[in-house]
Number of protein chains: 4
Amino acid sequence: MSHNTFGHLFRVTTWGESHGPALGCVVDGCPPGLRFKLEDIQVWLDKRKPGQSRFVTQRREDDLVKVLSGVMLDEDGETMISTGTPISMLIENTDQRSKDYGEIARRYRPGHADYTYDVKYGIRDYRGGGRSSARETAARVAAGGIARLVVPGVTIRGALVQIGKHKINRANWDWAQVDQNPFFAPDPDIVPVWEEYLDGIRKAGSSIGAVVEVVAEGVPAGLGAPIYGKLDQDIASLLMSINAVKGVEIGEGFASAELTGEENADAMRMGNDGKRIFLSNHAGGILGGISTGEPVVARFAIKPTSSILTERQSIDADGNNVDVRTKGRHDPCVGIRAVPIGEAMVACAVADHYLRDRGQTGRQR
Amino acid sequence: MSHNTFGHLFRVTTWGESHGPALGCVVDGCPPGLRFKLEDIQVWLDKRKPGQSRFVTQRREDDLVKVLSGVMLDEDGETMISTGTPISMLIENTDQRSKDYGEIARRYRPGHADYTYDVKYGIRDYRGGGRSSARETAARVAAGGIARLVVPGVTIRGALVQIGKHKINRANWDWAQVDQNPFFAPDPDIVPVWEEYLDGIRKAGSSIGAVVEVVAEGVPAGLGAPIYGKLDQDIASLLMSINAVKGVEIGEGFASAELTGEENADAMRMGNDGKRIFLSNHAGGILGGISTGEPVVARFAIKPTSSILTERQSIDADGNNVDVRTKGRHDPCVGIRAVPIGEAMVACAVADHYLRDRGQTGRQR
Amino acid sequence: MSHNTFGHLFRVTTWGESHGPALGCVVDGCPPGLRFKLEDIQVWLDKRKPGQSRFVTQRREDDLVKVLSGVMLDEDGETMISTGTPISMLIENTDQRSKDYGEIARRYRPGHADYTYDVKYGIRDYRGGGRSSARETAARVAAGGIARLVVPGVTIRGALVQIGKHKINRANWDWAQVDQNPFFAPDPDIVPVWEEYLDGIRKAGSSIGAVVEVVAEGVPAGLGAPIYGKLDQDIASLLMSINAVKGVEIGEGFASAELTGEENADAMRMGNDGKRIFLSNHAGGILGGISTGEPVVARFAIKPTSSILTERQSIDADGNNVDVRTKGRHDPCVGIRAVPIGEAMVACAVADHYLRDRGQTGRQR
Amino acid sequence: MSHNTFGHLFRVTTWGESHGPALGCVVDGCPPGLRFKLEDIQVWLDKRKPGQSRFVTQRREDDLVKVLSGVMLDEDGETMISTGTPISMLIENTDQRSKDYGEIARRYRPGHADYTYDVKYGIRDYRGGGRSSARETAARVAAGGIARLVVPGVTIRGALVQIGKHKINRANWDWAQVDQNPFFAPDPDIVPVWEEYLDGIRKAGSSIGAVVEVVAEGVPAGLGAPIYGKLDQDIASLLMSINAVKGVEIGEGFASAELTGEENADAMRMGNDGKRIFLSNHAGGILGGISTGEPVVARFAIKPTSSILTERQSIDADGNNVDVRTKGRHDPCVGIRAVPIGEAMVACAVADHYLRDRGQTGRQR
């Protein structure tokens with residue numbers, strides 16, 4: 001809606017900068033009666049957490065989430081039960097090395113939001129990118145942890161499918177592999193390829209782009225809202241809101257430009273059990289903005305981080321030509337850590353549309 | 001926001017079905033004092049109008065727009081001046097052949113929204129796709145005509161860049177060519193290729209996908225709203241809301257997955273005239289969700305229409321297996337007519353962010 | 001939300017000026033499957049229609065409503081069935097005497113919105129008040145006609161309870177009387193008092209304020225949304241949005257300032273039938289922003305119209321002192337025609353909260 | 001908008017319960033470059049803080065506000081400068097005596113939101129009223145502290161004008177008196193009357209209602225947004241959202257029902273300095289939903305708290321008749337502490353409309 005909030009009935013507001021005392025979110029519209037433990041949220045933050053392999057930033061953050069409101073404790077003193085009121089979550093920033101960033105206070109790092117924030121606001125929290133830092137996505141992942149609980153039976157999983165020119169072999173897709181390697185790769189054969197390639201990128205102080213795919217299974221048919229609140233539209237909007245994302249696809253995506261109507265449209269048949277069956281899923285689970293009951297499939301492209309060790313031409317806030325080299329700790333491929341973020345965004349969009357369809361409290365009456 | 005409205009300060013609500021008496025839109029938030037003639041809006045509708053070549057649907061609609069509110073006539077009796085109140089526009093449906101659609105009242109056309117509307121609403125206006133018909137986009141184009149007037153000095157142009165596997169040669173790009181061929185192609189060399197290819201598609205009763213590119217020049221730096229109201233996010237959302245769109249890109253888009261940080265980040269320099277200059281525009285005119293002042297570049301992929309003459313397997317509302325062949329008049333490549341629609345969506349997003357930045361009335365004080 | 005739209009899931013956008021070709025509204029979010037005839041909407045417009053007695057404006061408008069979208073006709077060719085898509089309704093302006101208003105094009109009528117519209121927009125449709133004319137409320141009443149159909153079993157009725165210092169005797173309250181007199185008075189004893197009083201006002205070319213009360217019975221318990229989407233808050237917001245309204249009350253309203261906790265809080269008991277019973281309804285059917293199941297009771301005060309025959313001191317757009325006398329046809333007591341408008345606003349608020357609670361389609365699953 | 005957020009460009013989201021670890025708010029849309037110290041916010045919380053006289057609840061809360069994001073510290077290490085990103089503020093709950101509330105876990109206190117929350121959500125944080133507790137208003141007051149900074153030159157002040165039947169003498173109105181007595185009374189003569197009266201109420205374990213008036217001076221002409229985003233409508237909405245408020249007035253309010261057009265409409269004249277002058281302010285500073293430049297005047301009625309020592313008839317969650325007596329620490333007149341809350345709500349509404357009118361950053365360009 002406005003700047004730092006998204007969603008219609010399941011609404012998430014995030015706040016916080018890279019180098020302030022904390023960041024967090026308020027999840028408003030969570031239906032009552034959901035039961036979860038803190039670890040059910042923490043697990044997703046751990047997945048996104050920096051410093052877990054040599055392929056991601058070496059910043060060390062525990063990213064421990066606190067729940068400040070919106071729940072009551074069950075008798076076990078551990079299980080939280082949502083009450084339907086806003087759930088406020090907070091994550092402290094612990095490893096802030098502000099000194100790393102001092103010299104870019106007035107210099108615009110090419111490819112970053114430094115220049116545009118200054119143009120718009122006339123002031124900018126330059127420490128670690130401030131509000132435009134990817135640290136903001138920790139709050140998204142926490143919110144996504146709640147969102148996953150809203151729709152009964154839904155499973156939302158993501159995987160990295162491309163780094164640079166190196167794409168996975170989709171024939172090898174195995175969800176069980178995703179957590180077995182530092183890339184969230186569903187194809188074990190690509191892992192050594194990416195390792196070698198990214199080691200080269202990392203040692204060169206460079207960076208590279210990537211593509212993430214998110215699949216939501218168990219989304220009931222009928223979610224979505226024509227014409228300007230389509231489920232795919234809201235997914236596209238949220239994925240595009242992630243830092244560094246430059247493209248979004250649903251189902252066949254850009255490949256559909258090369259398909260004929262015969263190839264693209266998914267035929268239907270009645271199943272033996274009386275269920276309606278789609279014989280393929282080129283649509284990515286959404287037709288006319290409304291879910292079909294098939295898996296919802298979304299992909300997004302992440303540009304290479306602009307924080308690189310090579311000197312680049314730029315200007316400063318005073319209108320001088322300068323050369324900027326970004327020191328500090330950075331991800332050679334930010335796309336890796338974007339996997340749980342993409343999952344969180346799809347989870348939030350699905351939860352929101354579920355509640356729009358079923359009502360605020362998500363209850364049958 | 002809700003189902004049939006988009007925008008935050010420049011808000012557009014569309015209404016109407018393919019085969020009702022009329023369709024239209026209400027443009028709320030148009031700043032006061034804009035001067036235009038009816039033909040300034042009509043020109044865009046004419047561009048989108050069906051029946052203009054053998055490559056688009058042969059449905060005949062005049063698509064004459066009426067302005068019912070929100071303006072006062074100047075003394076010439078012709079120039080309208082916006083007053084800041086909602087501008088209601090109406091387009092009558094004239095060529096409705098409902099009989100063409102009777103037999104699909106209860107059959108689900110594969111690839112169309114028939115099944116999902118029925119699942120969600122339990123009732124569906126089957127005539128010509130009802131609300132999910134591309135006729136709804138006429139209202140978008142009318143709203144876009146107003147939006148184009150909001151930001152002084154902005155130019156928003158679109159072009160078709162791909163049909164099936166046939167892409168334009170970007171080296172040939174010439175905006176002057178776009179209106180010289182029935183495809184809105186910016187590359188004259190591709191025209192005969194597409195003509196031959198689409199003739200084949202058309203004669204086979206088939207259809208094919210396409211890619212459209214929209215470029216907005218003159219967008220002032222500083223438009224956008226972090227974190228969940230980014231300019232690129234809102235453009236992605238609106239482009240994805242267009243019927244049959246399955247993918248959206250900003251700037252390098254999915255190609256950025258294959259770029260390194262050095263290749264992708266746009267360097268800056270001070271110009272001789274004291275202006276800030278970007279040495280390239282991989283970002284597509286947006287960094288951190290905020291416009292840079294460079295051209296805003298967006299692309300979107302349109303799937304082939306699912307209305308084809310080949311029989312397809314499907315089911316009906318009663319749970320029977322059926323075979324469906326879509327008669328009626330259709331576009332072999334709906335991507336062609338999507339060009340002015342994409343322009344309109346980008347125009348609306350830019351106008352909305354201009355007003356968010358400058359205020360409701362868009363006036364300096 | 002924005003300027004000319006209200007509601008969250010049941011959203012109404014109105015458009016049109018006093019002296020344009022037409023006015024109307026788009027009702028977005030109407031659940032599918034509602035069945036109604038045109039006369040079910042027209043009846044409320046007839047109730048609001050001008051020219052029905054000597055106590056209201058003599059402007060003659062048929063106020064015939066047309067439904068342009070969002071419905072399919074049932075086999076009887078007359079019953080409309082909502083499809084869940086936006087319902088666009090249009091009312092033509094027929095009796096526009098623009099000449100009556102010419103001389104106030106640049107003069108600010110005291111008590112009207114002339115000055116403030118000019119300050120804000122720098123341009124103003126002066127004909128009949130333009131957008132700020134009470135004619136806009138015809139669109140509200142049409143929308144309210146749809147809203148009344150949304151919540152099964154709800155009855156929403158209004159009455160005039162005060163004109164000037166003359167209040168009804170609440171002991172005489174009889175809903176059956178409301179349609180038996182030109183004032184929507186529920187107390188037959190007040191009718192001759194008001195007739196005589198208003199005749200004096202009318203002959204003097206003066207005007208007088210009034211108070212309207214609206215009661216919604218059959219509102220299910222549990223509608224509302226803490227903290228900033230309370231049912232009473234949304235009712236207050238919509239009633240205050242009606243032209244000339246200066247005060248709003250729920251339940252005891254301002255009288256609650258003089259009550260003790262013992263007097264004000266409504267006790268409860270279990271009924272013999274196992275139902276929860278409130279022993280009184282000082283709360284006006286809403287506690288903590290959520291409906292109790294008791295009748296929702298709202299009142300609002302309407303100021304006297306500022307269109308009077310007495311000359312008043314004012315200024316013009318050029319900064320000159322002028323004296324203004326409002327000619328034209330006006331209501332001696334605009335409060336009378338506010339009764340169906342207030343009903344419509346309460347109906348819309350209740351419908352919106354019903355859908356928020358039950359979901360977009362308002363269906364059980 | 002949704003449940004726990006209000007505002008359009010200046011957006012406030014509050015969270016937290018009476019007896020959780022903390023409560024707070026996120027202020028989204030605060031323009032950049034505002035300078036303030038923590039004490040500039042704390043001063044308003046101190047004004048609302050409980051335990052300051054025998055006439056308000058004896059709960060002891062320090063209500064110390066922390067600012068977690070959205071600002072940078074100036075070189076003095078103390079002055080905060082807003083950056084345009086969300087300002088998250090947090091207030092810890094320190095004096096929570098949950099044991100006081102145990103026995104009402106399943107009993108519905110008459111006049112409170114216990115029953116309606118249970119009906120809606122099926123679960124309720126019974127400790128101290130949970131989310132429906134007036135402690136939520138501390139977050140509003142913090143947000144109001146930011147809002148007051150947004151509009152240059154605006155002054156927003158409130159006063160208590162009625163307790164029970166005892167009204168102030170408006171001829172004695174003296175803003176300087178407001179902070180000199182425990183009632184925020186602008187009339188020194190009423191203070192001993194209220195003291196004696198409230199002592200009686202307090203000793204009887206009873207409670208009484210009140211009326212608060214808020215005046216905003218220095219609101220520039222031209223703020224507001226017809227038709228459904230009127231300034232008075234938004235003020236009414238926010239005032240009605242305060243716990244226990246049952247009525248809202250603008251300007252003459254309900255008294256306008258007894259006025260004639262001659263008495264009510266404010267005449268205008270050109271001043272000697274070329275300024276436009278209103279000769280009276282019956283309108284309360286708003287015409288047609290848009291500010292006139294005159295002081296904005298709003299009043300609201302607060303019902304007596306339902307927490308009283310007298311036993312009342314009620315039911316419990318299991319459907320039994322019970323008698324409920326509310327122990328714990330409560331306000332004999334909650335209207336007193338509503339004064340700074342009302343000020344905060346008006347401040348937020350004015351700030352929001354200022355930014356709608358001037359744009360997100362509130363800057364001239």
# chains A, B, ... in the order shown; residues from 1 in each chain; ligands from 1

call {"tool": "residues_around", "arguments": {"residues": "Ala204 (chain B)", "least_positions_apart": "6", "cutoff": "9 Å", "atoms": "only C-alpha atoms", "output": "PyMOL selection string"}}
result
chain B and resi 308-310

call {"tool": "write_last_selection", "arguments": {"atoms": "N, CA and C atoms", "output": "PDB file, in the first residue's frame"}}
result
ATOM      1  N   ILE B 308      -8.075 -20.792 -29.773  1.00  0.00           N
ATOM      2  CA  ILE B 308      -7.533 -21.356 -31.011  1.00  0.00           C
ATOM      3  C   ILE B 308      -8.550 -22.304 -31.617  1.00  0.00           C
ATOM      4  N   LEU B 309      -8.361 -22.621 -32.874  1.00  0.00           N
ATOM      5  CA  LEU B 309      -9.367 -23.437 -33.577  1.00  0.00           C
ATOM      6  C   LEU B 309      -9.179 -24.928 -33.346  1.00  0.00           C
ATOM      7  N   THR B 310      -8.025 -25.309 -32.828  1.00  0.00           N
ATOM      8  CA  THR B 310      -7.775 -26.725 -32.560  1.00  0.00           C
ATOM      9  C   THR B 310      -8.612 -27.207 -31.378  1.00  0.00           C
TER      10      THR B 310
END

call {"tool": "select_by_dssp", "arguments": {"residues": "region 90-247 of chain C", "states": "alpha helix (DSSP H)", "output": "ChimeraX atom specification"}}
result
/C:114-121,137-150,190-203,231-240

call {"tool": "write_last_selection", "arguments": {"atoms": "N, CA and C atoms", "output": "tab-separated table (two decimals), in the first residue's frame"}}
result
chain	number	residue	atom	x	y	z
C	114	ASP	N	-16.97	26.70	-1.79
C	114	ASP	CA	-16.43	27.45	-2.93
C	114	ASP	C	-14.99	27.91	-2.69
C	115	TYR	N	-14.80	28.55	-1.53
C	115	TYR	CA	-13.48	29.11	-1.23
C	115	TYR	C	-12.44	28.00	-1.09
C	116	THR	N	-12.79	26.95	-0.36
C	116	THR	CA	-11.78	25.92	-0.10
C	116	THR	C	-11.42	25.13	-1.36
C	117	TYR	N	-12.39	24.89	-2.23
C	117	TYR	CA	-12.05	24.22	-3.49
C	117	TYR	C	-11.11	25.10	-4.32
C	118	ASP	N	-11.39	26.38	-4.34
C	118	ASP	CA	-10.53	27.28	-5.11
C	118	ASP	C	-9.11	27.34	-4.53
C	119	VAL	N	-9.03	27.38	-3.21
C	119	VAL	CA	-7.71	27.41	-2.57
C	119	VAL	C	-6.94	26.14	-2.92
C	120	LYS	N	-7.64	25.02	-2.85
C	120	LYS	CA	-6.94	23.76	-3.07
C	120	LYS	C	-6.61	23.53	-4.53
C	121	TYR	N	-7.60	23.72	-5.40
C	121	TYR	CA	-7.44	23.29	-6.78
C	121	TYR	C	-7.15	24.43	-7.76
C	137	THR	N	-24.72	12.57	-3.57
C	137	THR	CA	-25.26	11.55	-2.65
C	137	THR	C	-26.23	10.60	-3.34
C	138	ALA	N	-26.73	10.96	-4.52
C	138	ALA	CA	-27.56	10.00	-5.27
C	138	ALA	C	-26.76	8.73	-5.55
C	139	ALA	N	-25.48	8.89	-5.87
C	139	ALA	CA	-24.63	7.74	-6.14
C	139	ALA	C	-24.42	6.89	-4.89
C	140	ARG	N	-24.33	7.56	-3.74
C	140	ARG	CA	-24.20	6.82	-2.48
C	140	ARG	C	-25.42	5.96	-2.23
C	141	VAL	N	-26.59	6.57	-2.51
C	141	VAL	CA	-27.83	5.85	-2.23
C	141	VAL	C	-27.95	4.63	-3.15
C	142	ALA	N	-27.52	4.77	-4.39
C	142	ALA	CA	-27.53	3.62	-5.30
C	142	ALA	C	-26.61	2.52	-4.77
C	143	ALA	N	-25.42	2.91	-4.34
C	143	ALA	CA	-24.48	1.93	-3.78
C	143	ALA	C	-25.06	1.27	-2.54
C	144	GLY	N	-25.73	2.07	-1.73
C	144	GLY	CA	-26.35	1.53	-0.53
C	144	GLY	C	-27.42	0.49	-0.87
C	145	GLY	N	-28.07	0.69	-1.99
C	145	GLY	CA	-29.07	-0.29	-2.43
C	145	GLY	C	-28.46	-1.66	-2.64
C	146	ILE	N	-27.26	-1.67	-3.21
C	146	ILE	CA	-26.54	-2.95	-3.36
C	146	ILE	C	-26.08	-3.46	-1.99
C	147	ALA	N	-25.56	-2.56	-1.18
C	147	ALA	CA	-25.02	-2.96	0.12
C	147	ALA	C	-26.07	-3.65	0.98
C	148	ARG	N	-27.27	-3.18	0.90
C	148	ARG	CA	-28.35	-3.76	1.71
C	148	ARG	C	-28.56	-5.24	1.41
C	149	LEU	N	-28.17	-5.67	0.20
C	149	LEU	CA	-28.40	-7.06	-0.21
C	149	LEU	C	-27.32	-8.00	0.30
C	150	VAL	N	-26.21	-7.43	0.77
C	150	VAL	CA	-25.02	-8.24	1.06
C	150	VAL	C	-25.17	-9.07	2.33
C	190	ILE	N	-45.01	15.00	16.01
C	190	ILE	CA	-44.08	16.08	15.68
C	190	ILE	C	-44.38	16.66	14.29
C	191	VAL	N	-45.12	15.91	13.48
C	191	VAL	CA	-45.29	16.31	12.07
C	191	VAL	C	-45.91	17.70	11.92
C	192	PRO	N	-47.04	17.97	12.58
C	192	PRO	CA	-47.60	19.33	12.43
C	192	PRO	C	-46.68	20.42	12.98
C	193	VAL	N	-45.93	20.10	14.02
C	193	VAL	CA	-44.99	21.08	14.59
C	193	VAL	C	-43.93	21.43	13.55
C	194	TRP	N	-43.36	20.40	12.94
C	194	TRP	CA	-42.32	20.63	11.94
C	194	TRP	C	-42.88	21.33	10.70
C	195	GLU	N	-44.10	20.96	10.31
C	195	GLU	CA	-44.71	21.59	9.12
C	195	GLU	C	-44.79	23.10	9.31
C	196	GLU	N	-45.31	23.46	10.43
C	196	GLU	CA	-45.50	24.89	10.68
C	196	GLU	C	-44.15	25.61	10.77
C	197	TYR	N	-43.25	24.96	11.50
C	197	TYR	CA	-41.93	25.57	11.69
C	197	TYR	C	-41.18	25.73	10.37
C	198	LEU	N	-41.20	24.67	9.58
C	198	LEU	CA	-40.46	24.70	8.30
C	198	LEU	C	-41.10	25.63	7.28
C	199	ASP	N	-42.42	25.75	7.34
C	199	ASP	CA	-43.07	26.71	6.44
C	199	ASP	C	-42.53	28.12	6.71
C	200	GLY	N	-42.35	28.41	7.98
C	200	GLY	CA	-41.78	29.72	8.33
C	200	GLY	C	-40.37	29.89	7.81
C	201	ILE	N	-39.57	28.87	8.00
C	201	ILE	CA	-38.19	28.89	7.51
C	201	ILE	C	-38.16	29.09	6.00
C	202	ARG	N	-38.98	28.31	5.31
C	202	ARG	CA	-39.00	28.33	3.86
C	202	ARG	C	-39.43	29.71	3.33
C	203	LYS	N	-40.48	30.26	3.91
C	203	LYS	CA	-40.98	31.55	3.43
C	203	LYS	C	-39.97	32.66	3.70
C	231	LEU	N	-15.92	-0.87	13.51
C	231	LEU	CA	-17.18	-0.67	12.81
C	231	LEU	C	-17.74	0.72	13.10
C	232	ASP	N	-17.68	1.16	14.35
C	232	ASP	CA	-18.23	2.49	14.66
C	232	ASP	C	-17.38	3.59	14.04
C	233	GLN	N	-16.08	3.33	13.96
C	233	GLN	CA	-15.18	4.30	13.34
C	233	GLN	C	-15.52	4.46	11.86
C	234	ASP	N	-15.75	3.35	11.19
C	234	ASP	CA	-16.06	3.42	9.76
C	234	ASP	C	-17.43	4.05	9.52
C	235	ILE	N	-18.37	3.77	10.42
C	235	ILE	CA	-19.68	4.43	10.30
C	235	ILE	C	-19.51	5.94	10.53
C	236	ALA	N	-18.76	6.31	11.55
C	236	ALA	CA	-18.54	7.74	11.82
C	236	ALA	C	-17.88	8.41	10.63
C	237	SER	N	-16.91	7.73	10.05
C	237	SER	CA	-16.19	8.29	8.91
C	237	SER	C	-17.15	8.54	7.75
C	238	LEU	N	-17.99	7.56	7.44
C	238	LEU	CA	-18.88	7.70	6.29
C	238	LEU	C	-19.98	8.71	6.55
C	239	LEU	N	-20.52	8.72	7.76
C	239	LEU	CA	-21.56	9.72	8.04
C	239	LEU	C	-20.96	11.13	7.98
C	240	MET	N	-19.75	11.28	8.50
C	240	MET	CA	-19.11	12.60	8.48
C	240	MET	C	-18.76	13.02	7.05

call {"tool": "interface_residues", "arguments": {"of": "chain C", "to": "chain B", "cutoff": "6 Å", "atoms": "only C-alpha atoms", "output": "VMD selection string"}}
result
chain C and resid 15 to 16 32 69 83 86 121 123

call {"tool": "write_last_selection", "arguments": {"atoms": "N, CA and C atoms", "output": "tab-separated table (two decimals), in the first residue's frame"}}
result
chain	number	residue	atom	x	y	z
C	15	TRP	N	-18.57	9.37	-8.70
C	15	TRP	CA	-18.06	10.38	-9.62
C	15	TRP	C	-19.23	11.25	-10.06
C	16	GLY	N	-18.91	12.43	-10.57
C	16	GLY	CA	-19.95	13.26	-11.16
C	16	GLY	C	-20.20	14.55	-10.41
C	32	PRO	N	-20.81	-12.41	-5.42
C	32	PRO	CA	-21.58	-13.00	-6.53
C	32	PRO	C	-22.87	-13.63	-6.03
C	69	SER	N	-22.86	-2.82	-15.60
C	69	SER	CA	-21.92	-3.94	-15.56
C	69	SER	C	-22.10	-4.73	-14.27
C	83	THR	N	-22.28	-10.92	-10.44
C	83	THR	CA	-21.26	-11.91	-10.82
C	83	THR	C	-19.98	-11.77	-10.00
C	86	PRO	N	-17.24	-5.59	-10.83
C	86	PRO	CA	-17.74	-4.28	-10.42
C	86	PRO	C	-19.08	-3.92	-11.06
C	121	TYR	N	-7.60	23.72	-5.40
C	121	TYR	CA	-7.44	23.29	-6.78
C	121	TYR	C	-7.15	24.43	-7.76
C	123	ILE	N	-9.19	25.93	-9.36
C	123	ILE	CA	-10.25	25.87	-10.37
C	123	ILE	C	-11.42	25.20	-9.68

call {"tool": "atom_distance", "arguments": {"atom1": "CA of Gly251 (chain D)", "atom2": "CA of Gly359 (chain B)"}}
result
27.2 Å

call {"tool": "atom_distance", "arguments": {"atom1": "CA of Arg106 (chain A)", "atom2": "CA of Asp318 (chain A)"}}
result
7.8 Å

call {"tool": "atom_distance", "arguments": {"atom1": "CA of Leu259 (chain B)", "atom2": "CA of Val297 (chain A)"}}
result
24.3 Å

call {"tool": "residues_around", "arguments": {"residues": "region 337-341 of chain C", "least_positions_apart": "4", "cutoff": "10 Å", "atoms": "only C-alpha atoms", "output": "PyMOL selection string"}}
result
chain C and resi 44-50+55-57+134+137-142+144+156-160+182-185+210-214+239+242-245+300-302+331+333+345-347

call {"tool": "closest_residue", "arguments": {"among": "C:Met89, C:Ala113, C:Cys30, C:Val215", "to": "Leu287 (chain D)", "atoms": "only C-alpha atoms"}}
result
C:Ala113

call {"tool": "residues_around", "arguments": {"residues": "region 168-170 of chain D", "least_positions_apart": "3", "cutoff": "7 Å", "atoms": "only C-alpha atoms", "output": "list of chain:residue names"}}
result
D:Val161, D:Gln162, D:Trp173, D:Asp187, D:Ile190

call {"tool": "residues_around", "arguments": {"residues": "Val151 (chain B)", "least_positions_apart": "6", "cutoff": "8 Å", "atoms": "only C-alpha atoms", "output": "compact mmCIF listing (two decimals) with C-alpha atoms, in the first residue's frame"}}
result
# COMPACT_ATOMS: atom_id res chain seq x y z
CA VAL B 219 10.77 10.72 -15.71
CA VAL B 350 4.68 7.13 -13.26
CA ALA B 351 1.80 9.58 -12.77
CA TYR B 354 4.79 11.82 -9.45
